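So this one's target-v5.cif, mmCIF, C-alpha atoms and all ligand atoms:
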data_structure
#
loop_
_atom_site.group_PDB
_atom_site.id
_atom_site.type_symbol
_atom_site.label_atom_id
_atom_site.label_comp_id
_atom_site.auth_asym_id
_atom_site.auth_seq_id
_atom_site.Cartn_x
_atom_site.Cartn_y
_atom_site.Cartn_z
ATOM 1 C CA MET A 21 15.074 28.895 -20.608
ATOM 2 C CA SER A 22 16.912 30.213 -17.543
ATOM 3 C CA GLY A 23 20.146 28.544 -16.436
ATOM 4 C CA PHE A 24 20.168 25.205 -14.664
ATOM 5 C CA GLY A 25 21.387 26.682 -11.369
ATOM 6 C CA ALA A 26 18.404 29.022 -11.231
ATOM 7 C CA ARG A 27 15.935 26.321 -12.216
ATOM 8 C CA LEU A 28 17.332 23.896 -9.645
ATOM 9 C CA ALA A 29 17.270 26.501 -6.876
ATOM 10 C CA ALA A 30 13.642 27.353 -7.752
ATOM 11 C CA SER A 31 12.585 23.715 -7.857
ATOM 12 C CA VAL A 32 14.197 22.957 -4.488
ATOM 13 C CA GLU A 33 12.617 26.086 -3.006
ATOM 14 C CA ALA A 34 9.178 25.008 -4.227
ATOM 15 C CA ARG A 35 9.372 21.257 -3.664
ATOM 16 C CA GLY A 36 12.099 20.666 -1.062
ATOM 17 C CA ALA A 37 15.580 19.222 -1.439
ATOM 18 C CA LEU A 38 15.125 15.687 -2.681
ATOM 19 C CA CYS A 39 16.090 13.740 -5.771
ATOM 20 C CA VAL A 40 14.573 10.297 -6.264
ATOM 21 C CA GLY A 41 16.373 7.827 -8.470
ATOM 22 C CA ILE A 42 14.400 5.644 -10.860
ATOM 23 C CA ASP A 43 16.499 2.484 -10.894
ATOM 24 C CA PRO A 44 14.375 -0.367 -12.265
ATOM 25 C CA HIS A 45 16.429 -3.252 -10.859
ATOM 26 C CA PRO A 46 15.320 -6.702 -12.082
ATOM 27 C CA GLY A 47 14.686 -7.638 -8.425
ATOM 28 C CA LEU A 48 12.346 -4.667 -8.012
ATOM 29 C CA LEU A 49 10.437 -5.650 -11.162
ATOM 30 C CA ASP A 50 9.987 -9.087 -9.514
ATOM 31 C CA ALA A 51 8.864 -7.482 -6.265
ATOM 32 C CA TRP A 52 6.264 -5.412 -8.118
ATOM 33 C CA GLY A 53 4.992 -8.555 -9.900
ATOM 34 C CA LEU A 54 6.190 -7.264 -13.275
ATOM 35 C CA PRO A 55 7.948 -9.224 -16.020
ATOM 36 C CA ARG A 56 11.684 -8.621 -16.466
ATOM 37 C CA ASP A 57 11.203 -7.216 -19.953
ATOM 38 C CA ALA A 58 10.649 -3.866 -21.654
ATOM 39 C CA ALA A 59 6.919 -3.926 -20.846
ATOM 40 C CA GLY A 60 7.704 -4.467 -17.153
ATOM 41 C CA LEU A 61 10.319 -1.727 -17.280
ATOM 42 C CA GLU A 62 7.809 0.662 -18.852
ATOM 43 C CA ARG A 63 5.141 -0.012 -16.237
ATOM 44 C CA PHE A 64 7.675 0.367 -13.429
ATOM 45 C CA ALA A 65 9.294 3.559 -14.669
ATOM 46 C CA LEU A 66 6.066 5.323 -15.636
ATOM 47 C CA THR A 67 4.499 4.451 -12.276
ATOM 48 C CA CYS A 68 7.487 6.132 -10.611
ATOM 49 C CA VAL A 69 6.968 9.192 -12.809
ATOM 50 C CA GLU A 70 3.244 9.277 -12.016
ATOM 51 C CA ALA A 71 4.016 8.981 -8.293
ATOM 52 C CA LEU A 72 6.819 11.491 -8.073
ATOM 53 C CA ALA A 73 7.097 13.955 -10.940
ATOM 54 C CA GLY A 74 4.458 16.286 -9.562
ATOM 55 C CA GLU A 75 6.053 16.352 -6.117
ATOM 56 C CA VAL A 76 9.838 15.995 -5.960
ATOM 57 C CA ALA A 77 12.380 18.532 -7.165
ATOM 58 C CA VAL A 78 14.470 16.138 -9.231
ATOM 59 C CA LEU A 79 14.018 12.679 -10.755
ATOM 60 C CA LYS A 80 17.121 10.686 -11.663
ATOM 61 C CA PRO A 81 16.531 7.791 -14.037
ATOM 62 C CA GLN A 82 19.611 5.550 -14.129
ATOM 63 C CA SER A 83 20.295 4.909 -17.800
ATOM 64 C CA ALA A 84 21.879 1.456 -17.402
ATOM 65 C CA PHE A 85 18.619 -0.160 -16.285
ATOM 66 C CA PHE A 86 16.931 1.145 -19.440
ATOM 67 C CA GLU A 87 19.828 0.376 -21.819
ATOM 68 C CA ALA A 88 19.750 -3.206 -20.500
ATOM 69 C CA HIS A 89 16.489 -3.619 -22.448
ATOM 70 C CA GLY A 90 17.943 -2.358 -25.738
ATOM 71 C CA SER A 91 16.147 0.081 -27.984
ATOM 72 C CA ARG A 92 12.763 -0.529 -26.300
ATOM 73 C CA GLY A 93 14.332 0.300 -22.966
ATOM 74 C CA VAL A 94 15.898 3.477 -24.299
ATOM 75 C CA ALA A 95 12.482 4.461 -25.691
ATOM 76 C CA VAL A 96 11.101 4.098 -22.151
ATOM 77 C CA LEU A 97 13.890 6.338 -20.839
ATOM 78 C CA GLU A 98 12.889 8.953 -23.421
ATOM 79 C CA ARG A 99 9.294 8.814 -22.118
ATOM 80 C CA VAL A 100 10.470 9.119 -18.521
ATOM 81 C CA ILE A 101 12.452 12.230 -19.435
ATOM 82 C CA ALA A 102 9.611 13.829 -21.394
ATOM 83 C CA GLU A 103 6.819 12.950 -18.963
ATOM 84 C CA GLY A 104 8.870 13.755 -15.863
ATOM 85 C CA ARG A 105 9.676 17.207 -17.195
ATOM 86 C CA ALA A 106 6.115 17.799 -18.398
ATOM 87 C CA ALA A 107 4.877 17.117 -14.842
ATOM 88 C CA GLY A 108 7.234 19.734 -13.431
ATOM 89 C CA ALA A 109 10.221 17.762 -12.113
ATOM 90 C CA LEU A 110 13.742 18.439 -13.239
ATOM 91 C CA VAL A 111 15.161 15.274 -14.790
ATOM 92 C CA LEU A 112 18.789 14.353 -14.145
ATOM 93 C CA VAL A 113 19.793 11.565 -16.515
ATOM 94 C CA ASP A 114 22.235 9.377 -14.622
ATOM 95 C CA ALA A 115 24.473 8.178 -17.439
ATOM 96 C CA LYS A 116 27.934 8.875 -15.944
ATOM 97 C CA ARG A 117 29.443 9.608 -19.323
ATOM 98 C CA GLY A 118 33.031 10.657 -19.922
ATOM 99 C CA ASP A 119 35.257 10.237 -22.995
ATOM 100 C CA ILE A 120 37.888 12.019 -25.047
ATOM 101 C CA GLY A 121 36.838 15.439 -26.237
ATOM 102 C CA SER A 122 35.578 14.591 -29.734
ATOM 103 C CA THR A 123 33.478 11.669 -28.491
ATOM 104 C CA MET A 124 32.421 13.737 -25.513
ATOM 105 C CA ALA A 125 30.919 16.124 -28.051
ATOM 106 C CA ALA A 126 28.660 13.298 -29.229
ATOM 107 C CA TYR A 127 27.625 12.591 -25.632
ATOM 108 C CA ALA A 128 26.901 16.282 -25.235
ATOM 109 C CA ASP A 129 24.675 16.097 -28.324
ATOM 110 C CA ALA A 130 22.878 13.077 -26.895
ATOM 111 C CA PHE A 131 22.320 14.241 -23.311
ATOM 112 C CA LEU A 132 22.443 18.036 -23.352
ATOM 113 C CA ALA A 133 21.506 19.366 -26.803
ATOM 114 C CA GLU A 134 18.187 21.091 -27.376
ATOM 115 C CA GLY A 135 15.740 18.686 -28.978
ATOM 116 C CA SER A 136 17.605 15.470 -28.184
ATOM 117 C CA PRO A 137 15.141 12.897 -26.823
ATOM 118 C CA LEU A 138 17.706 11.809 -24.208
ATOM 119 C CA ALA A 139 18.366 15.317 -22.927
ATOM 120 C CA GLY A 140 16.735 15.999 -19.583
ATOM 121 C CA ASP A 141 17.711 18.979 -17.468
ATOM 122 C CA ALA A 142 21.122 17.612 -16.474
ATOM 123 C CA VAL A 143 23.371 14.579 -16.810
ATOM 124 C CA THR A 144 25.963 12.884 -14.604
ATOM 125 C CA LEU A 145 29.536 12.859 -15.928
ATOM 126 C CA SER A 146 32.720 11.029 -15.008
ATOM 127 C CA PRO A 147 35.876 13.196 -15.028
ATOM 128 C CA TYR A 148 38.426 10.388 -15.158
ATOM 129 C CA LEU A 149 39.575 11.135 -18.683
ATOM 130 C CA GLY A 150 40.515 14.548 -17.318
ATOM 131 C CA PHE A 151 38.159 17.345 -16.314
ATOM 132 C CA GLY A 152 39.154 19.196 -19.492
ATOM 133 C CA SER A 153 37.811 16.349 -21.642
ATOM 134 C CA LEU A 154 34.323 17.305 -20.416
ATOM 135 C CA GLU A 155 34.547 20.701 -22.140
ATOM 136 C CA PRO A 156 32.048 19.930 -24.951
ATOM 137 C CA ALA A 157 29.460 18.924 -22.349
ATOM 138 C CA LEU A 158 30.122 21.993 -20.192
ATOM 139 C CA ALA A 159 29.819 24.265 -23.214
ATOM 140 C CA MET A 160 26.610 22.563 -24.362
ATOM 141 C CA ALA A 161 25.123 22.744 -20.868
ATOM 142 C CA GLU A 162 25.836 26.468 -20.730
ATOM 143 C CA ALA A 163 24.375 27.000 -24.201
ATOM 144 C CA THR A 164 21.141 25.125 -23.516
ATOM 145 C CA GLY A 165 20.539 26.068 -19.876
ATOM 146 C CA ARG A 166 21.200 22.533 -18.678
ATOM 147 C CA GLY A 167 23.460 21.204 -15.933
ATOM 148 C CA VAL A 168 26.021 18.505 -15.264
ATOM 149 C CA PHE A 169 26.933 16.638 -12.072
ATOM 150 C CA VAL A 170 30.558 15.536 -12.102
ATOM 151 C CA LEU A 171 31.703 12.634 -9.915
ATOM 152 C CA ALA A 172 33.992 13.883 -7.145
ATOM 153 C CA LEU A 173 33.758 11.474 -4.181
ATOM 154 C CA THR A 174 31.396 8.616 -4.901
ATOM 155 C CA SER A 175 29.400 6.707 -2.298
ATOM 156 C CA ASN A 176 31.008 3.317 -2.959
ATOM 157 C CA PRO A 177 33.971 2.125 -0.883
ATOM 158 C CA GLU A 178 36.143 1.482 -3.960
ATOM 159 C CA GLY A 179 36.076 5.125 -5.005
ATOM 160 C CA ALA A 180 38.437 6.499 -2.375
ATOM 161 C CA ARG A 181 41.568 4.848 -3.741
ATOM 162 C CA VAL A 182 41.386 6.886 -6.942
ATOM 163 C CA GLN A 183 39.424 9.905 -5.799
ATOM 164 C CA ARG A 184 41.418 10.627 -2.627
ATOM 165 C CA ALA A 185 44.806 10.007 -4.278
ATOM 166 C CA GLU A 186 47.050 13.034 -4.042
ATOM 167 C CA ALA A 187 48.129 14.701 -7.247
ATOM 168 C CA GLY A 188 49.853 18.087 -7.354
ATOM 169 C CA GLY A 189 49.405 18.678 -3.625
ATOM 170 C CA ARG A 190 45.657 18.045 -3.473
ATOM 171 C CA SER A 191 43.342 15.078 -3.835
ATOM 172 C CA VAL A 192 41.957 14.149 -7.239
ATOM 173 C CA ALA A 193 38.480 14.917 -5.889
ATOM 174 C CA GLN A 194 39.600 18.379 -4.733
ATOM 175 C CA SER A 195 41.026 19.102 -8.180
ATOM 176 C CA VAL A 196 37.652 18.134 -9.701
ATOM 177 C CA ALA A 197 35.935 20.429 -7.178
ATOM 178 C CA ASP A 198 38.348 23.268 -7.958
ATOM 179 C CA ALA A 199 37.798 22.889 -11.714
ATOM 180 C CA ALA A 200 34.035 22.942 -11.176
ATOM 181 C CA ALA A 201 34.339 26.049 -8.986
ATOM 182 C CA GLU A 202 36.391 27.803 -11.642
ATOM 183 C CA ARG A 203 33.717 27.019 -14.222
ATOM 184 C CA ASN A 204 30.885 28.235 -11.959
ATOM 185 C CA ALA A 205 32.599 31.447 -10.870
ATOM 186 C CA GLY A 206 30.360 34.477 -11.057
ATOM 187 C CA ALA A 207 27.153 32.603 -11.939
ATOM 188 C CA VAL A 208 24.023 33.693 -10.056
ATOM 189 C CA PRO A 209 22.507 32.000 -8.109
ATOM 190 C CA LEU A 210 24.540 28.884 -9.005
ATOM 191 C CA GLY A 211 26.605 27.688 -11.936
ATOM 192 C CA PRO A 212 25.693 24.658 -14.045
ATOM 193 C CA VAL A 213 28.446 22.361 -12.768
ATOM 194 C CA GLY A 214 27.406 20.310 -9.767
ATOM 195 C CA LEU A 215 29.426 17.674 -7.954
ATOM 196 C CA VAL A 216 28.549 14.172 -6.798
ATOM 197 C CA VAL A 217 29.691 13.640 -3.189
ATOM 198 C CA GLY A 218 28.418 10.520 -1.436
ATOM 199 C CA ALA A 219 26.366 10.824 1.748
ATOM 200 C CA THR A 220 27.936 7.563 2.950
ATOM 201 C CA LEU A 221 31.409 9.010 3.502
ATOM 202 C CA ALA A 222 33.005 9.312 6.936
ATOM 203 C CA GLU A 223 34.203 12.781 5.939
ATOM 204 C CA THR A 224 34.655 14.589 2.642
ATOM 205 C CA GLY A 225 37.969 16.329 3.264
ATOM 206 C CA LEU A 226 36.903 18.686 0.480
ATOM 207 C CA ASP A 227 36.945 22.449 0.487
ATOM 208 C CA LEU A 228 33.709 23.281 -1.328
ATOM 209 C CA ALA A 229 33.463 26.916 -0.228
ATOM 210 C CA ALA A 230 34.067 28.266 -3.733
ATOM 211 C CA LEU A 231 31.962 25.698 -5.607
ATOM 212 C CA ASN A 232 28.993 27.914 -6.411
ATOM 213 C CA GLY A 233 27.212 24.814 -7.692
ATOM 214 C CA ALA A 234 24.949 22.083 -6.351
ATOM 215 C CA ILE A 235 26.057 18.929 -4.551
ATOM 216 C CA LEU A 236 24.261 15.684 -5.379
ATOM 217 C CA ALA A 237 24.519 13.409 -2.335
ATOM 218 C CA PRO A 238 23.723 9.766 -3.168
ATOM 219 C CA GLY A 239 23.635 6.881 -0.715
ATOM 220 C CA VAL A 240 20.599 7.928 1.326
ATOM 221 C CA GLY A 241 18.560 4.911 2.449
ATOM 222 C CA ALA A 242 19.677 1.637 0.878
ATOM 223 C CA GLN A 243 23.382 2.460 1.207
ATOM 224 C CA GLY A 244 22.943 3.473 4.838
ATOM 225 C CA ALA A 245 23.137 7.267 4.900
ATOM 226 C CA GLY A 246 20.528 9.347 6.714
ATOM 227 C CA PRO A 247 19.780 12.896 7.857
ATOM 228 C CA ALA A 248 22.571 12.946 10.468
ATOM 229 C CA ASP A 249 25.162 12.074 7.815
ATOM 230 C CA LEU A 250 23.972 14.853 5.544
ATOM 231 C CA ALA A 251 24.105 17.377 8.370
ATOM 232 C CA ARG A 252 27.573 16.217 9.427
ATOM 233 C CA LEU A 253 29.039 16.159 5.901
ATOM 234 C CA PHE A 254 27.368 19.168 4.341
ATOM 235 C CA GLY A 255 26.053 21.391 7.133
ATOM 236 C CA GLY A 256 26.470 24.942 5.936
ATOM 237 C CA ALA A 257 27.298 23.949 2.336
ATOM 238 C CA GLY A 258 25.199 25.560 -0.397
ATOM 239 C CA LEU A 259 22.556 23.639 -2.322
ATOM 240 C CA VAL A 260 22.745 19.972 -1.287
ATOM 241 C CA LEU A 261 20.433 17.556 -3.072
ATOM 242 C CA PRO A 262 20.165 14.230 -1.240
ATOM 243 C CA THR A 263 19.254 11.378 -3.561
ATOM 244 C CA SER A 264 17.702 8.014 -2.832
ATOM 245 C CA SER A 265 16.505 5.322 -5.190
ATOM 246 C CA ARG A 266 15.689 1.860 -3.809
ATOM 247 C CA ASP A 267 14.473 3.038 -0.408
ATOM 248 C CA VAL A 268 11.701 5.052 -2.074
ATOM 249 C CA ILE A 269 10.750 3.059 -5.147
ATOM 250 C CA LYS A 270 10.636 -0.261 -3.277
ATOM 251 C CA HIS A 271 7.257 0.914 -1.945
ATOM 252 C CA GLY A 272 5.572 0.251 -5.318
ATOM 253 C CA PRO A 273 3.664 -0.876 -7.238
ATOM 254 C CA ASP A 274 1.197 1.483 -5.573
ATOM 255 C CA ALA A 275 1.986 5.002 -6.828
ATOM 256 C CA ALA A 276 0.472 6.615 -3.713
ATOM 257 C CA ALA A 277 2.740 4.533 -1.459
ATOM 258 C CA ILE A 278 5.827 5.592 -3.439
ATOM 259 C CA ARG A 279 4.759 9.224 -3.221
ATOM 260 C CA SER A 280 4.200 9.033 0.556
ATOM 261 C CA ALA A 281 7.610 7.406 1.059
ATOM 262 C CA ALA A 282 9.276 10.195 -0.929
ATOM 263 C CA LEU A 283 7.476 12.974 0.941
ATOM 264 C CA ARG A 284 8.251 11.331 4.282
ATOM 265 C CA LEU A 285 11.939 11.144 3.373
ATOM 266 C CA ARG A 286 11.958 14.730 2.134
ATOM 267 C CA ASP A 287 10.446 15.976 5.396
ATOM 268 C CA GLU A 288 12.770 13.829 7.495
ATOM 269 C CA LEU A 289 15.811 15.181 5.648
ATOM 270 C CA ALA A 290 14.585 18.757 6.037
ATOM 271 C CA GLY A 291 14.505 18.144 9.816
HETATM 272 O O1 LIG A 301 25.631 9.462 -9.554
HETATM 273 C C1 LIG A 301 24.909 8.798 -8.789
HETATM 274 O O2 LIG A 301 23.717 8.973 -8.757
HETATM 275 C C2 LIG A 301 25.557 7.898 -7.836
HETATM 276 C C3 LIG A 301 26.812 8.274 -7.391
HETATM 277 C C4 LIG A 301 27.392 7.615 -6.308
HETATM 278 O O3 LIG A 301 28.441 7.996 -5.820
HETATM 279 N N1 LIG A 301 26.739 6.542 -5.775
HETATM 280 C C5 LIG A 301 25.525 6.103 -6.244
HETATM 281 O O4 LIG A 301 24.983 5.138 -5.695
HETATM 282 N N2 LIG A 301 24.949 6.753 -7.320
HETATM 283 C C6 LIG A 301 23.706 6.224 -7.909
HETATM 284 O O5 LIG A 301 22.650 6.178 -6.982
HETATM 285 C C7 LIG A 301 21.828 5.040 -7.244
HETATM 286 C C8 LIG A 301 21.762 4.120 -6.036
HETATM 287 O O6 LIG A 301 20.828 4.627 -5.162
HETATM 288 P P1 LIG A 301 20.217 3.758 -3.947
HETATM 289 O O7 LIG A 301 19.310 2.731 -4.540
HETATM 290 O O8 LIG A 301 19.528 4.781 -3.124
HETATM 291 O O9 LIG A 301 21.385 3.132 -3.254
HETATM 292 C C9 LIG A 301 22.417 4.306 -8.419
HETATM 293 O O10 LIG A 301 21.747 4.746 -9.591
HETATM 294 C C10 LIG A 301 23.837 4.777 -8.421
HETATM 295 O O11 LIG A 301 24.390 4.777 -9.714
#

In structure tokens, what does this structure look like?
Amino acid sequence: MSGFGARLAASVEARGALCVGIDPHPGLLDAWGLPRDAAGLERFALTCVEALAGEVAVLKPQSAFFEAHGSRGVAVLERVIAEGRAAGALVLVDAKRGDIGSTMAAYADAFLAEGSPLAGDAVTLSPYLGFGSLEPALAMAEATGRGVFVLALTSNPEGARVQRAEAGGRSVAQSVADAAAERNAGAVPLGPVGLVVGATLAETGLDLAALNGAILAPGVGAQGAGPADLARLFGGAGLVLPTSSRDVIKHGPDAAAIRSAALRLRDELAG
């Protein structure tokens, strides 16, 4: 398997730059007329896969909504990963994991190791135990051709207080970006370490010129960000992957309606 950077670049080239999040909120299950249980979750999530996996570059199931249903929910997440990938989408498992190194190794086994049922093509990670604590995941991603997206500046208003704090003459977010850039140096076309930078921000204040990795930009749609924000924040940056969940999947339960909403958004974002 070629490296994640190459696979992501190829997928975006073929399908356009869009990630759709599969976030089966209880309120969305209600809106689709589905029960708030594992059966409802399964119907919801697999309808999203059927609608989107053949069309969009990346699918991003949010693990919490599956974990909330216990082992049956996690089994549904495993199906989403397997069926999404089989239909040609890259699957980014949004788990936002981060722990001390030895436990991080277990997360790496779960989300990035070859053959793990919870390993998609990439996983989201939180760097707040120190970027260096992510090492087992970075090493596993490199070994298995997978990727990681590390939180830098998140889309929520609470994030700034920690992420923009100055430490050692630069913001915490810039130090995460610099560590990612160091890890990606020399990789062609892109390294495996992406960053999460919210599309809702007034400005990023980040120097991403050396990143050599992808930027996942959440907050499109339900959180208020649109094409103009992406252009303003990331114009000229490398591979930017806007991501939207509720604004696309709210169009269910009809799979065709979800698909049209995703393709409309993709085209609108492409300008
Ligand atoms: O990592 C993410 O995907 C993420 C990072 C971030 O900064 N903000 C953010 O909203 N997200 C995720 O994006 C999804 C929300 O998407 P919307 O429904 O489009 O608002 C949730 O799964 C969030 O966990």

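Going from CA of Val217 (chain A) to CA of Asp141 (chain A) covers 19.4 Å.
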
Would you kindly return, as a ChimeraX atom specification, each protein, DNA or RNA residue with an atom no farther than 10 Å from any atom of Gly225 (chain A), considering only C-alpha atoms and excluding same-chain residues fewer than 2 positions away?
-> /A:173,184,191,193-194,221-223,227-228,253

Quick one: of A:Arg166, A:Ala51, A:Asn232, A:Ala126, who's nearest to Arg27 (chain A), counting all atoms listed in the file?
-> A:Arg166

Quick one: pull the distance between CA of Gly104 (chain A) and CA of Gly53 (chain A), Å, one decimal.
->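 These atoms are spaced 23.4 Å apart.
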
Two-atom distance - atom O7 of ligand LIG 301 (chain A), CA of Glu178 (chain A) (Å) =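 It comes out at 16.9 Å.
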
I need the residue set behind the PyMOL selection byres (((chain A and resi 282) around 12) and not hetatm) for this file; please write it as a ChimeraX atom specification.
-> /A:35-41,68,71-79,240-241,262-272,275-281,283-289

Could you tell me which residues the PyMOL selection byres (((chain A and resi 135-137) around 10) and not hetatm) grabs in this file, written as a list in words?
-> Val94, Ala95, Leu97, Glu98, Arg99, Ile101, Ala102, Ala128, Asp129, Ala130, Phe131, Leu132, Ala133, Glu134, Leu138, Ala139 and Gly140 of chain A

Writer output for current selection, C-alpha atoms, as an mmCIF file, in the coordinates of the input:
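Done, and the output landed in again_17.cif:
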data_model
loop_
_atom_site.group_PDB
_atom_site.id
_atom_site.type_symbol
_atom_site.label_atom_id
_atom_site.label_comp_id
_atom_site.auth_asym_id
_atom_site.auth_seq_id
_atom_site.Cartn_x
_atom_site.Cartn_y
_atom_site.Cartn_z
ATOM 1 C CA VAL A 94 15.898 3.477 -24.299
ATOM 2 C CA ALA A 95 12.482 4.461 -25.691
ATOM 3 C CA LEU A 97 13.890 6.338 -20.839
ATOM 4 C CA GLU A 98 12.889 8.953 -23.421
ATOM 5 C CA ARG A 99 9.294 8.814 -22.118
ATOM 6 C CA ILE A 101 12.452 12.230 -19.435
ATOM 7 C CA ALA A 102 9.611 13.829 -21.394
ATOM 8 C CA ALA A 128 26.901 16.282 -25.235
ATOM 9 C CA ASP A 129 24.675 16.097 -28.324
ATOM 10 C CA ALA A 130 22.878 13.077 -26.895
ATOM 11 C CA PHE A 131 22.320 14.241 -23.311
ATOM 12 C CA LEU A 132 22.443 18.036 -23.352
ATOM 13 C CA ALA A 133 21.506 19.366 -26.803
ATOM 14 C CA GLU A 134 18.187 21.091 -27.376
ATOM 15 C CA LEU A 138 17.706 11.809 -24.208
ATOM 16 C CA ALA A 139 18.366 15.317 -22.927
ATOM 17 C CA GLY A 140 16.735 15.999 -19.583
#

Around ligand LIG 301 (chain A), out to 10 Å and counting only C-alpha atoms and all ligand atoms, which residues are there? I want them as a compact mmCIF listing (two decimals) with C-alpha atoms, in the coordinates of the input.
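Output file selection38.txt is given in full below:
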# COMPACT_ATOMS: atom_id res chain seq x y z
CA CYS A 39 16.09 13.74 -5.77
CA VAL A 40 14.57 10.30 -6.26
CA GLY A 41 16.37 7.83 -8.47
CA ILE A 42 14.40 5.64 -10.86
CA ASP A 43 16.50 2.48 -10.89
CA PRO A 44 14.38 -0.37 -12.26
CA HIS A 45 16.43 -3.25 -10.86
CA LYS A 80 17.12 10.69 -11.66
CA PRO A 81 16.53 7.79 -14.04
CA GLN A 82 19.61 5.55 -14.13
CA SER A 83 20.30 4.91 -17.80
CA ALA A 84 21.88 1.46 -17.40
CA PHE A 85 18.62 -0.16 -16.28
CA LEU A 112 18.79 14.35 -14.14
CA VAL A 113 19.79 11.56 -16.52
CA ASP A 114 22.24 9.38 -14.62
CA ALA A 115 24.47 8.18 -17.44
CA LYS A 116 27.93 8.88 -15.94
CA VAL A 143 23.37 14.58 -16.81
CA THR A 144 25.96 12.88 -14.60
CA LEU A 145 29.54 12.86 -15.93
CA SER A 146 32.72 11.03 -15.01
CA PHE A 169 26.93 16.64 -12.07
CA VAL A 170 30.56 15.54 -12.10
CA LEU A 171 31.70 12.63 -9.91
CA ALA A 172 33.99 13.88 -7.14
CA LEU A 173 33.76 11.47 -4.18
CA THR A 174 31.40 8.62 -4.90
CA SER A 175 29.40 6.71 -2.30
CA ASN A 176 31.01 3.32 -2.96
CA PRO A 177 33.97 2.12 -0.88
CA GLY A 179 36.08 5.12 -5.00
CA LEU A 215 29.43 17.67 -7.95
CA VAL A 216 28.55 14.17 -6.80
CA VAL A 217 29.69 13.64 -3.19
CA GLY A 218 28.42 10.52 -1.44
CA ALA A 219 26.37 10.82 1.75
CA THR A 220 27.94 7.56 2.95
CA LEU A 221 31.41 9.01 3.50
CA LEU A 236 24.26 15.68 -5.38
CA ALA A 237 24.52 13.41 -2.34
CA PRO A 238 23.72 9.77 -3.17
CA GLY A 239 23.64 6.88 -0.72
CA VAL A 240 20.60 7.93 1.33
CA GLY A 241 18.56 4.91 2.45
CA ALA A 242 19.68 1.64 0.88
CA GLN A 243 23.38 2.46 1.21
CA GLY A 244 22.94 3.47 4.84
CA ALA A 245 23.14 7.27 4.90
CA PRO A 262 20.16 14.23 -1.24
CA THR A 263 19.25 11.38 -3.56
CA SER A 264 17.70 8.01 -2.83
CA SER A 265 16.50 5.32 -5.19
CA ARG A 266 15.69 1.86 -3.81
CA ASP A 267 14.47 3.04 -0.41
CA VAL A 268 11.70 5.05 -2.07
CA ILE A 269 10.75 3.06 -5.15
CA LYS A 270 10.64 -0.26 -3.28

Find the smallest box with edges along x, y and z containing every listed atom of region 109-115 of chain A, then add 6 Å on each side and report centre and edge lengths in Å to one decimal, as AutoDock Vina command-line options.
--center_x 17.3 --center_y 13.3 --center_z -14.8 --size_x 26.3 --size_y 22.3 --size_z 17.3

Which one of A:Ala157, A:Val111, A:Val182, A:Ala125 sits closest to Val213 (chain A) if you count all atoms listed in the file?
-> A:Ala157

From the list A:Thr224, A:Asn204, A:Ile120, A:Gly211, which residue is nearest Ala180 (chain A) when using only C-alpha atoms?
->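 Distance minimum relative to Ala180 (chain A) lands on A:Thr224.
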
Pick from A:Ala65, A:Ala187, A:Leu231, A:Val260, whichever lies nearest to Glu103 (chain A) using all atoms listed in the file =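 When distances to Glu103 (chain A) are compared using all atoms listed in the file, the smallest one comes from A:Ala65.
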
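Among A:Glu70, A:Asp119, A:Glu87, A:Glu202, the residue with the shortest atom-to-atom distance to Pro156 (chain A), counting all atoms listed in the file, is A:Asp119.
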
The PyMOL selection byres (((chain A and resi 165) around 9) and not hetatm) resolved against shown file, as a CSV table (one decimal) with C-alpha atoms, in the coordinates of the input:
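This went into out-v2.csv:
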chain,number,residue,atom,x,y,z
A,21,MET,CA,15.1,28.9,-20.6
A,22,SER,CA,16.9,30.2,-17.5
A,23,GLY,CA,20.1,28.5,-16.4
A,24,PHE,CA,20.2,25.2,-14.7
A,25,GLY,CA,21.4,26.7,-11.4
A,27,ARG,CA,15.9,26.3,-12.2
A,132,LEU,CA,22.4,18.0,-23.4
A,141,ASP,CA,17.7,19.0,-17.5
A,160,MET,CA,26.6,22.6,-24.4
A,161,ALA,CA,25.1,22.7,-20.9
A,162,GLU,CA,25.8,26.5,-20.7
A,163,ALA,CA,24.4,27.0,-24.2
A,164,THR,CA,21.1,25.1,-23.5
A,166,ARG,CA,21.2,22.5,-18.7
A,167,GLY,CA,23.5,21.2,-15.9
A,212,PRO,CA,25.7,24.7,-14.0

Of the candidates A:Ala248, A:Gly233, A:Gly291, A:Ala58, which one gets nearest to Leu210 (chain A) if we count only C-alpha atoms?
->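 For Leu210 (chain A), the nearest of the given residues is A:Gly233.
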
Please complete region 58-63 of chain A with N, CA and C atoms and give it back as an mmCIF file, keeping the file's coordinate frame.
data_model
loop_
_atom_site.group_PDB
_atom_site.id
_atom_site.type_symbol
_atom_site.label_atom_id
_atom_site.label_comp_id
_atom_site.auth_asym_id
_atom_site.auth_seq_id
_atom_site.Cartn_x
_atom_site.Cartn_y
_atom_site.Cartn_z
ATOM 1 N N ALA A 58 10.855 -5.295 -21.400
ATOM 2 C CA ALA A 58 10.649 -3.866 -21.654
ATOM 3 C C ALA A 58 9.259 -3.412 -21.204
ATOM 4 N N ALA A 59 8.274 -4.306 -21.293
ATOM 5 C CA ALA A 59 6.919 -3.926 -20.846
ATOM 6 C C ALA A 59 6.912 -3.713 -19.326
ATOM 7 N N GLY A 60 7.613 -4.610 -18.611
ATOM 8 C CA GLY A 60 7.704 -4.467 -17.153
ATOM 9 C C GLY A 60 8.451 -3.192 -16.789
ATOM 10 N N LEU A 61 9.534 -2.949 -17.504
ATOM 11 C CA LEU A 61 10.319 -1.727 -17.280
ATOM 12 C C LEU A 61 9.445 -0.485 -17.454
ATOM 13 N N GLU A 62 8.649 -0.501 -18.533
ATOM 14 C CA GLU A 62 7.809 0.662 -18.852
ATOM 15 C C GLU A 62 6.795 0.907 -17.734
ATOM 16 N N ARG A 63 6.141 -0.160 -17.290
ATOM 17 C CA ARG A 63 5.141 -0.012 -16.237
ATOM 18 C C ARG A 63 5.801 0.533 -14.960
#
